[in-house]
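In what follows, a structure is listed as structure tokens, so that the remarks can point back to it.
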Amino acid sequence: MAATETLTAERILEATEEVLRRYGPAKATVVDVARVLGVSHGSVYRHFRTKAALREAVTERWLERTIVALRPYVEGGEPADERLTGWLTALFTLKRRKAGGDPELMATFQVLIGENSAVVDRHEDHLVDQIAEILAAGRTEGLFAAPERDAKATARAVFDATDRFHNPAHAADWSSPAAEDAFTAVVSLVQRALRA
């Protein structure tokens with residue numbers, strides 16, 4: 001890092017991702033992160049008090065990208081049923097791209113996610129909230145029949161029903177030629193159930 005550059009939490013997180021990709025979660029250290037940044041490990045600890053805090057922050061940052069990428073489907077102007085299909089499709093596409101495009105980093109984040117279950121729980125809650133917003137719009141538009149008092153439970157059911165297409169535990173199946181047809185069938189079933 002050049003002497004004129006300010007060390008920020010964001011720069012540390014970027015460097016941490018690089019170090020995790022290079023060494024994996026078992027061997028990556030705060031000293032490695034500091035070395036990439038050209039600073040002392042104490043400088044890193046001023047931003048993140050422990051190695052665990054740093055790993056939690058990088059996990060949260062990684063998961064946040066998904067939430068941000070899906071937000072346009074929540075806020076879009078299309079009918080809610082189209083937005084829900086778009087949201088589910090985008091989530092599946094994002095997860096598939098991460099698993100296939102950078103398998104080493106995906107494996108690394110699988111370890112980090114296992115270490116940070118509270119971060120994962122918050123992430124899932126954000127995703128379920130996004131689905132709930134789409135469902136609420138669908139009720140307003142007369143497209144979905146789900147009662148308002150059960151919005152969060154219905155959104156969770158949609159999330160759980162599509163688990164096979166976004167839970168990294170199923171990543172090995174995502175490249176299967178049958179995966180796309182299975183995904184389409186599940187989304188179609190979910191849409192029919194929401195209209196009932």
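Here's how to read the names in the structure tokens: chain A, B, ... by the order shown, residue numbers from 1 in each chain, ligand numbers from 1 in the order shown.
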Q. Near A:Ala15, within 8 Å and counting only C-alpha atoms, which residues show up once chain neighbours fewer than 3 positions away are dropped, as a ChimeraX atom specification?
A. /A:11-12,18-19,33,36-37
Q. For A:Ala185, which of A:Thr140, A:Ser40, A:Thr85, A:Thr93 is the closest residue, counting only C-alpha atoms?
A. A:Thr85
Q. What lies within 10 Å of stretch 158-165 of chain A using only C-alpha atoms, ignoring chain neighbours under 5 positions off, as a PyMOL selection string?
A. chain A and resi 84+88-89+91-93+95-96+124+127-128+131-132+135+152-153+170-171+173-174+179-180+182-183+186-187+189-191+193-194
